Structure formats: structure tokens, C-alpha cells
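**Q** Contents of target.pdb (PDB, C-alpha atoms and all ligand atoms):
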ATOM      1  CA  MET L   1      18.523  -3.523  -9.983
ATOM      2  CA  LYS L   2      18.024  -6.250  -7.377
ATOM      3  CA  ILE L   3      17.413  -4.701  -3.970
ATOM      4  CA  TYR L   4      17.251  -6.463  -0.606
ATOM      5  CA  ALA L   5      14.886  -4.851   1.921
ATOM      6  CA  GLY L   6      14.751  -5.130   5.692
ATOM      7  CA  SER L   7      13.268  -3.358   8.682
ATOM      8  CA  ASP L   8      12.265  -3.808  12.280
ATOM      9  CA  HIS L   9       8.762  -3.045  13.546
ATOM     10  CA  GLY L  10       9.482   0.699  13.729
ATOM     11  CA  GLY L  11      10.379   0.794  10.056
ATOM     12  CA  PHE L  12       7.903  -1.774   8.792
ATOM     13  CA  LEU L  13       5.298   0.560   7.300
ATOM     14  CA  LEU L  14       7.902   2.709   5.587
ATOM     15  CA  LYS L  15       9.615  -0.397   4.203
ATOM     16  CA  GLN L  16       6.335  -1.483   2.604
ATOM     17  CA  THR L  17       5.883   1.956   1.024
ATOM     18  CA  LEU L  18       9.437   1.941  -0.318
ATOM     19  CA  ILE L  19       9.109  -1.576  -1.710
ATOM     20  CA  ARG L  20       5.934  -0.628  -3.583
ATOM     21  CA  ARG L  21       7.693   2.337  -5.182
ATOM     22  CA  LEU L  22      10.780   0.319  -6.095
ATOM     23  CA  VAL L  23       8.608  -2.295  -7.800
ATOM     24  CA  GLU L  24       6.753   0.442  -9.690
ATOM     25  CA  LEU L  25      10.128   1.713 -10.891
ATOM     26  CA  GLY L  26      10.974  -1.742 -12.237
ATOM     27  CA  HIS L  27      13.367  -2.959  -9.567
ATOM     28  CA  LYS L  28      13.372  -6.530  -8.272
ATOM     29  CA  VAL L  29      12.924  -6.434  -4.493
ATOM     30  CA  VAL L  30      13.651  -9.257  -2.074
ATOM     31  CA  ASP L  31      11.909  -8.545   1.240
ATOM     32  CA  LEU L  32      13.791 -10.139   4.136
ATOM     33  CA  GLY L  33      11.290  -8.910   6.751
ATOM     34  CA  THR L  34      10.089  -8.032   9.261
ATOM     35  CA  ASN L  35       6.538  -8.746   8.213
ATOM     36  CA  SER L  36       4.464  -6.829  10.762
ATOM     37  CA  GLU L  37       4.573  -4.123  13.413
ATOM     38  CA  LYS L  38       5.204  -6.729  16.120
ATOM     39  CA  SER L  39       8.267  -5.854  18.161
ATOM     40  CA  CYS L  40      11.519  -7.380  16.911
ATOM     41  CA  ASP L  41      15.266  -6.656  16.866
ATOM     42  CA  TYR L  42      16.694  -4.427  14.118
ATOM     43  CA  PRO L  43      20.166  -6.081  14.011
ATOM     44  CA  ASP L  44      18.628  -9.322  12.727
ATOM     45  CA  PHE L  45      17.389  -7.558   9.594
ATOM     46  CA  ALA L  46      20.479  -5.416   9.133
ATOM     47  CA  HIS L  47      22.666  -8.508   9.164
ATOM     48  CA  ALA L  48      20.344 -10.431   6.831
ATOM     49  CA  VAL L  49      20.358  -7.653   4.227
ATOM     50  CA  ALA L  50      24.111  -7.083   4.548
ATOM     51  CA  ARG L  51      24.901 -10.787   4.102
ATOM     52  CA  GLU L  52      22.702 -11.090   1.014
ATOM     53  CA  ILE L  53      24.256  -8.030  -0.644
ATOM     54  CA  LEU L  54      27.786  -9.259   0.029
ATOM     55  CA  ALA L  55      26.916 -12.702  -1.356
ATOM     56  CA  ASP L  56      25.203 -11.265  -4.451
ATOM     57  CA  PRO L  57      27.523  -8.710  -6.112
ATOM     58  CA  GLY L  58      25.886  -5.787  -7.849
ATOM     59  CA  THR L  59      22.881  -5.748  -5.567
ATOM     60  CA  MET L  60      21.890  -3.027  -3.108
ATOM     61  CA  GLY L  61      19.631  -2.643  -0.085
ATOM     62  CA  ILE L  62      17.177  -0.567   1.847
ATOM     63  CA  LEU L  63      16.827  -0.694   5.623
ATOM     64  CA  THR L  64      14.440   1.076   7.955
ATOM     65  CA  CYS L  65      13.901   1.112  11.699
ATOM     66  CA  GLY L  66      12.274   3.698  13.952
ATOM     67  CA  SER L  67      15.098   6.218  13.736
ATOM     68  CA  GLY L  68      17.287   4.520  11.142
ATOM     69  CA  ILE L  69      20.183   4.758  13.561
ATOM     70  CA  GLY L  70      20.405   1.277  15.053
ATOM     71  CA  ILE L  71      19.886  -0.546  11.787
ATOM     72  CA  SER L  72      22.548   1.538   9.997
ATOM     73  CA  ILE L  73      25.078   0.984  12.786
ATOM     74  CA  ALA L  74      24.478  -2.767  12.574
ATOM     75  CA  ALA L  75      24.691  -2.912   8.773
ATOM     76  CA  ASN L  76      27.927  -0.921   8.747
ATOM     77  CA  ARG L  77      29.643  -3.593  10.863
ATOM     78  CA  HIS L  78      29.945  -5.624   7.643
ATOM     79  CA  ALA L  79      33.038  -4.918   5.540
ATOM     80  CA  GLY L  80      31.868  -3.827   2.113
ATOM     81  CA  ILE L  81      28.565  -2.433   3.323
ATOM     82  CA  ARG L  82      28.203   1.334   3.120
ATOM     83  CA  ALA L  83      24.827   2.073   4.663
ATOM     84  CA  ALA L  84      23.808   5.739   4.493
ATOM     85  CA  LEU L  85      21.186   7.104   6.870
ATOM     86  CA  CYS L  86      19.448   9.844   4.894
ATOM     87  CA  HIS L  87      17.005  12.516   6.048
ATOM     88  CA  ASN L  88      16.833  14.559   2.869
ATOM     89  CA  SER L  89      17.170  14.130  -0.870
ATOM     90  CA  LEU L  90      20.572  15.806  -1.222
ATOM     91  CA  GLU L  91      22.062  13.381   1.294
ATOM     92  CA  ALA L  92      20.697  10.530  -0.796
ATOM     93  CA  THR L  93      22.304  11.844  -3.985
ATOM     94  CA  LEU L  94      25.634  12.516  -2.258
ATOM     95  CA  ALA L  95      25.615   9.116  -0.573
ATOM     96  CA  ARG L  96      25.647   7.537  -4.031
ATOM     97  CA  GLN L  97      27.888  10.058  -5.832
ATOM     98  CA  HIS L  98      30.611  10.401  -3.189
ATOM     99  CA  ASN L  99      30.293   7.368  -0.919
ATOM    100  CA  ASP L 100      29.071   4.669  -3.305
ATOM    101  CA  ALA L 101      26.572   3.766  -0.601
ATOM    102  CA  ASN L 102      25.053   0.375  -1.258
ATOM    103  CA  VAL L 103      22.324   0.551   1.369
ATOM    104  CA  LEU L 104      19.826   3.373   1.882
ATOM    105  CA  VAL L 105      18.605   3.743   5.466
ATOM    106  CA  MET L 106      15.712   5.827   6.765
ATOM    107  CA  GLY L 107      13.824   6.225  10.013
ATOM    108  CA  GLY L 108      10.188   5.253   9.726
ATOM    109  CA  ARG L 109       9.236   7.409  12.707
ATOM    110  CA  LEU L 110      11.141  10.462  11.519
ATOM    111  CA  VAL L 111      10.696  10.862   7.759
ATOM    112  CA  GLY L 112       7.337  11.574   6.138
ATOM    113  CA  GLU L 113       6.198   9.313   3.325
ATOM    114  CA  ALA L 114       6.452  11.813   0.454
ATOM    115  CA  LEU L 115       9.961  12.857   1.458
ATOM    116  CA  ALA L 116      11.005   9.244   1.980
ATOM    117  CA  VAL L 117       9.889   8.336  -1.548
ATOM    118  CA  ASP L 118      11.801  11.284  -2.992
ATOM    119  CA  ILE L 119      14.906  10.246  -1.018
ATOM    120  CA  LEU L 120      14.486   6.730  -2.391
ATOM    121  CA  GLU L 121      14.195   7.938  -5.968
ATOM    122  CA  LYS L 122      17.220  10.206  -5.663
ATOM    123  CA  PHE L 123      19.321   7.432  -4.148
ATOM    124  CA  PHE L 124      18.534   4.865  -6.828
ATOM    125  CA  SER L 125      18.846   7.282  -9.741
ATOM    126  CA  ALA L 126      22.254   8.681  -8.768
ATOM    127  CA  SER L 127      25.521   6.916  -9.509
ATOM    128  CA  PHE L 128      29.009   6.831  -8.036
ATOM    129  CA  ASP L 129      31.371   9.559  -9.283
ATOM    130  CA  GLY L 130      34.498   7.405  -8.770
ATOM    131  CA  GLY L 131      37.837   9.216  -9.127
ATOM    132  CA  ARG L 132      39.088  10.657  -5.848
ATOM    133  CA  HIS L 133      36.103   9.140  -4.065
ATOM    134  CA  GLN L 134      37.223   5.615  -4.978
ATOM    135  CA  ASP L 135      40.434   5.923  -2.923
ATOM    136  CA  ARG L 136      38.451   7.248   0.018
ATOM    137  CA  ILE L 137      35.896   4.469   0.101
ATOM    138  CA  GLU L 138      38.729   1.929  -0.079
ATOM    139  CA  LYS L 139      40.244   3.530   3.037
ATOM    140  CA  ILE L 140      36.957   3.007   4.886
ATOM    141  CA  GLU L 141      37.608  -0.729   4.953
ATOM    142  CA  ILE L 142      41.066  -0.537   6.561
ATOM    143  CA  PRO L 143      39.986  -0.956  10.223
ATOM    144  CA  LEU L 144      37.728  -3.884   9.293
ATOM    145  CA  LYS L 145      40.655  -5.626   7.587
ATOM    146  CA  GLY L 146      42.795  -5.198  10.715
ATOM    147  CA  ARG L 147      45.379  -2.982   9.079
TER
HETATM  148  C1  LIG L 201      12.592   0.346  18.283
HETATM  149  O1  LIG L 201      11.735   0.796  19.283
HETATM  150  C2  LIG L 201      13.636   1.366  17.965
HETATM  151  O2  LIG L 201      14.544   1.470  19.002
HETATM  152  C3  LIG L 201      14.339   1.027  16.665
HETATM  153  O3  LIG L 201      13.410   0.947  15.640
HETATM  154  C4  LIG L 201      15.375   2.015  16.190
HETATM  155  O4  LIG L 201      14.897   3.314  16.220
HETATM  156  C5  LIG L 201      16.703   1.880  16.797
HETATM  157  O5  LIG L 201      17.675   2.559  16.410
END
Output the file's structure as C-alpha cells, nothing else.

**A**
Amino acid sequence: MKIYAGSDHGGFLLKQTLIRRLVELGHKVVDLGTNSEKSCDYPDFAHAVAREILADPGTMGILTCGSGIGISIAANRHAGIRAALCHNSLEATLARQHNDANVLVMGGRLVGEALAVDILEKFFSASFDGGRHQDRIEKIEIPLKGR
């Protein structure tokens, strides 16, 4: 799986941890920054990851900021992006099974490292259930298409 990664300063350290684990698991990771704990703006990285995923079908993403909130709001402004802010492993599994989430989001200041890695592993090992959930995720896009 090719995975685009992004964070602001508040999520930088967690992003690095998650990237290391993804590489260990055999994924190809493209790190779009940020590259330090120097203060920066989370929307820049949310938009960069969202644009790359939409331009590169079949890919997914991870995003982190301090809380995970701002960067998930920004990513979800893109039609076709389903960014799921997860605080536990069950949410990560359900985000894939029911919502076909294509971006995992976590808060670097809120989730401990061991839990974050478990959330990551659950997210990328689960798959979309389809069926009734397919119709529902298609309805998500209606406001963004202006209908
Ligand atoms: C940055 O201080 C912080 O506001 C940001 O990382 C994030 O938590 C916003 O939602």
C-alpha cells in the first residue's frame, strides 16, 4: 500500500513513529511534512495529503496534529477524502469496515505511542465491508457535489 503522510508540529513526533511502523510492515510511505517541531499550519499538510491521494487512486493517508481535530476537518473538505479521527483501536477498524476511510488521523498530544501504533495496525489491516455501507458513503459526497 502506498501511504501519504502529513502532520503539523503538534503531530510531528507521532507521524515519525507511525511512518517507521508502516515501513516495517512493508508499506511505501511518502512523507509530505512537516519535518520538525517548528510551528506551522495544519491545513497545509491536510490539503497536500488529500490532493496526492485523490490524484493517485488506491492510495491512502495518515495525518496527525496536536489534537487531530483541525487536520481532519481540513482533509474532509476534499470530496472523496474520508478522514477518520481515531482514539482507540475499535474506531480504527470500524472506520475502515463501515466508512471506507482513506485517511487515518490521530492527535499527537492525546494518544500514547503504543496505542497509536495499535490503532495504525488495526486501520491498515481492516478492509471495507461494502454492501449497505457503499450506498451510505456515496451519500456523504452529495453536499460537496452541490446536489
Ligand atoms: C497546534 O498548536 C494545534 O492547534 C494543532 O496541532 C491542532 O491540535 C489543531 O487542531

**Q** List every residue of chain L that has an atom at most 12 Å from any atom of ligand LIG 201 (chain L), and for each one report the closest atom pair and its distance in Å to one decimal, counting only C-alpha atoms and all ligand atoms, with rows sorted by chain and then by increasing residue number, as a Markdown table.

**A**
| residue | atom | partner | partner_atom | distance |
| --- | --- | --- | --- | --- |
| L:Gly6 | CA | L:LIG201 | O3 | 11.7 |
| L:Ser7 | CA | L:LIG201 | O3 | 8.2 |
| L:Asp8 | CA | L:LIG201 | O3 | 5.9 |
| L:His9 | CA | L:LIG201 | O3 | 6.5 |
| L:Gly10 | CA | L:LIG201 | O3 | 4.4 |
| L:Gly11 | CA | L:LIG201 | O3 | 6.4 |
| L:Phe12 | CA | L:LIG201 | O3 | 9.2 |
| L:Leu13 | CA | L:LIG201 | O3 | 11.6 |
| L:Leu14 | CA | L:LIG201 | O3 | 11.6 |
| L:Thr34 | CA | L:LIG201 | O3 | 11.5 |
| L:Glu37 | CA | L:LIG201 | C1 | 10.4 |
| L:Lys38 | CA | L:LIG201 | O1 | 10.5 |
| L:Ser39 | CA | L:LIG201 | C1 | 7.6 |
| L:Cys40 | CA | L:LIG201 | C1 | 7.9 |
| L:Asp41 | CA | L:LIG201 | C1 | 7.6 |
| L:Tyr42 | CA | L:LIG201 | C3 | 6.5 |
| L:Pro43 | CA | L:LIG201 | C5 | 9.1 |
| L:Asp44 | CA | L:LIG201 | C3 | 11.9 |
| L:Phe45 | CA | L:LIG201 | O3 | 11.2 |
| L:Ala46 | CA | L:LIG201 | O5 | 11.2 |
| L:Leu63 | CA | L:LIG201 | O3 | 10.7 |
| L:Thr64 | CA | L:LIG201 | O3 | 7.8 |
| L:Cys65 | CA | L:LIG201 | O3 | 4.0 |
| L:Gly66 | CA | L:LIG201 | O3 | 3.4 |
| L:Ser67 | CA | L:LIG201 | O4 | 3.8 |
| L:Gly68 | CA | L:LIG201 | O5 | 5.6 |
| L:Ile69 | CA | L:LIG201 | O5 | 4.4 |
| L:Gly70 | CA | L:LIG201 | O5 | 3.3 |
| L:Ile71 | CA | L:LIG201 | O5 | 6.0 |
| L:Ser72 | CA | L:LIG201 | O5 | 8.1 |
| L:Ile73 | CA | L:LIG201 | O5 | 8.4 |
| L:Ala74 | CA | L:LIG201 | O5 | 9.5 |
| L:Ala75 | CA | L:LIG201 | O5 | 11.7 |
| L:Leu85 | CA | L:LIG201 | O5 | 11.1 |
| L:Val105 | CA | L:LIG201 | O5 | 11.0 |
| L:Met106 | CA | L:LIG201 | O4 | 9.8 |
| L:Gly107 | CA | L:LIG201 | O4 | 6.9 |
| L:Gly108 | CA | L:LIG201 | O3 | 8.0 |
| L:Arg109 | CA | L:LIG201 | O4 | 7.8 |
| L:Leu110 | CA | L:LIG201 | O4 | 9.3 |

**Q** Pick out the residues sitting within 9 Å of Leu120 in chain L, and hand them over as a PDB file with C-alpha atoms, in the frame of the given file; count all atoms listed in the file, and ignore anything fewer than 4 positions along from it in its own chain.

**A**
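The resulting file, out-v4.pdb, is shown below:
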ATOM      1  CA  LEU L  18       9.437   1.941  -0.318  1.00  0.00           C
ATOM      2  CA  ARG L  21       7.693   2.337  -5.182  1.00  0.00           C
ATOM      3  CA  LEU L  22      10.780   0.319  -6.095  1.00  0.00           C
ATOM      4  CA  ILE L  62      17.177  -0.567   1.847  1.00  0.00           C
ATOM      5  CA  SER L  89      17.170  14.130  -0.870  1.00  0.00           C
ATOM      6  CA  ALA L  92      20.697  10.530  -0.796  1.00  0.00           C
ATOM      7  CA  LEU L 104      19.826   3.373   1.882  1.00  0.00           C
ATOM      8  CA  LEU L 115       9.961  12.857   1.458  1.00  0.00           C
ATOM      9  CA  ALA L 116      11.005   9.244   1.980  1.00  0.00           C
ATOM     10  CA  PHE L 124      18.534   4.865  -6.828  1.00  0.00           C
ATOM     11  CA  SER L 125      18.846   7.282  -9.741  1.00  0.00           C
TER      12      SER L 125
END

**Q** Considering only C-alpha atoms, can you say which of L:Val30, L:Leu25, L:Val117, L:Ala83 comes closest to Ile3 in chain L?

**A**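 Of all the options, L:Val30 lies closest to Ile3 in chain L.
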
**Q** Have a look at CA of Ile140 in chain L and CA of Asn76 in chain L and let me know their distance in Å, one decimal.

**A**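 A separation of 10.6 Å between them.
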
**Q** Run the PyMOL selection byres (((chain L and resi 130) around 9) and not hetatm) against the file shown and list the residues it catches, as a compact mmCIF listing (two decimals) with C-alpha atoms, in the coordinates of the input.

**A**
# COMPACT_ATOMS: atom_id res chain seq x y z
CA GLN L 97 27.89 10.06 -5.83
CA HIS L 98 30.61 10.40 -3.19
CA ASN L 99 30.29 7.37 -0.92
CA ASP L 100 29.07 4.67 -3.30
CA PHE L 128 29.01 6.83 -8.04
CA ASP L 129 31.37 9.56 -9.28
CA GLY L 131 37.84 9.22 -9.13
CA ARG L 132 39.09 10.66 -5.85
CA HIS L 133 36.10 9.14 -4.07
CA GLN L 134 37.22 5.62 -4.98
CA ASP L 135 40.43 5.92 -2.92

**Q** What is the distance between CA of Val49 in chain L and CA of Asp31 in chain L, in Å to one decimal?

**A** 9.0 Å

**Q** Within 7 Å of Val29 in chain L, counting only C-alpha atoms, which residues show up once you throw out same-chain ones fewer than 2 positions away? Write them as a list of chain:residue names, please.

**A** L:Lys2, L:Ile3, L:Tyr4, L:Ala5, L:Ile19, L:Val23, L:His27, L:Asp31

**Q** Because some atoms of range 30-41 of chain L are absent here, can you restore N, CA, C and O atoms and send them as a CSV table (one decimal), in the frame of the given file?

**A**
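rebuild.csv, written as the output of this step:
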chain,number,residue,atom,x,y,z
L,30,VAL,N,13.7,-8.1,-2.9
L,30,VAL,CA,13.7,-9.3,-2.1
L,30,VAL,C,13.5,-8.8,-0.6
L,30,VAL,O,14.3,-8.1,-0.1
L,31,ASP,N,12.3,-9.0,-0.1
L,31,ASP,CA,11.9,-8.5,1.2
L,31,ASP,C,12.3,-9.6,2.3
L,31,ASP,O,11.8,-10.7,2.3
L,32,LEU,N,13.3,-9.2,3.1
L,32,LEU,CA,13.8,-10.1,4.1
L,32,LEU,C,13.1,-9.9,5.5
L,32,LEU,O,13.6,-10.4,6.5
L,33,GLY,N,12.0,-9.1,5.5
L,33,GLY,CA,11.3,-8.9,6.8
L,33,GLY,C,11.8,-7.7,7.5
L,33,GLY,O,12.6,-7.0,7.0
L,34,THR,N,11.1,-7.3,8.6
L,34,THR,CA,10.1,-8.0,9.3
L,34,THR,C,8.8,-7.9,8.5
L,34,THR,O,8.6,-7.1,7.6
L,35,ASN,N,7.8,-8.7,9.0
L,35,ASN,CA,6.5,-8.7,8.2
L,35,ASN,C,5.3,-8.2,8.9
L,35,ASN,O,4.2,-8.4,8.5
L,36,SER,N,5.6,-7.4,10.0
L,36,SER,CA,4.5,-6.8,10.8
L,36,SER,C,5.0,-5.8,11.7
L,36,SER,O,6.2,-5.6,11.8
L,37,GLU,N,4.1,-5.1,12.4
L,37,GLU,CA,4.6,-4.1,13.4
L,37,GLU,C,4.8,-4.7,14.8
L,37,GLU,O,5.0,-4.0,15.8
L,38,LYS,N,4.9,-6.0,14.9
L,38,LYS,CA,5.2,-6.7,16.1
L,38,LYS,C,6.7,-6.5,16.5
L,38,LYS,O,7.5,-6.6,15.6
L,39,SER,N,6.9,-6.2,17.7
L,39,SER,CA,8.3,-5.9,18.2
L,39,SER,C,9.3,-6.9,17.8
L,39,SER,O,9.1,-8.1,18.0
L,40,CYS,N,10.4,-6.5,17.3
L,40,CYS,CA,11.5,-7.4,16.9
L,40,CYS,C,12.8,-6.6,17.0
L,40,CYS,O,12.8,-5.4,17.4
L,41,ASP,N,13.9,-7.2,16.7
L,41,ASP,CA,15.3,-6.7,16.9
L,41,ASP,C,15.9,-6.2,15.5
L,41,ASP,O,16.2,-7.1,14.7
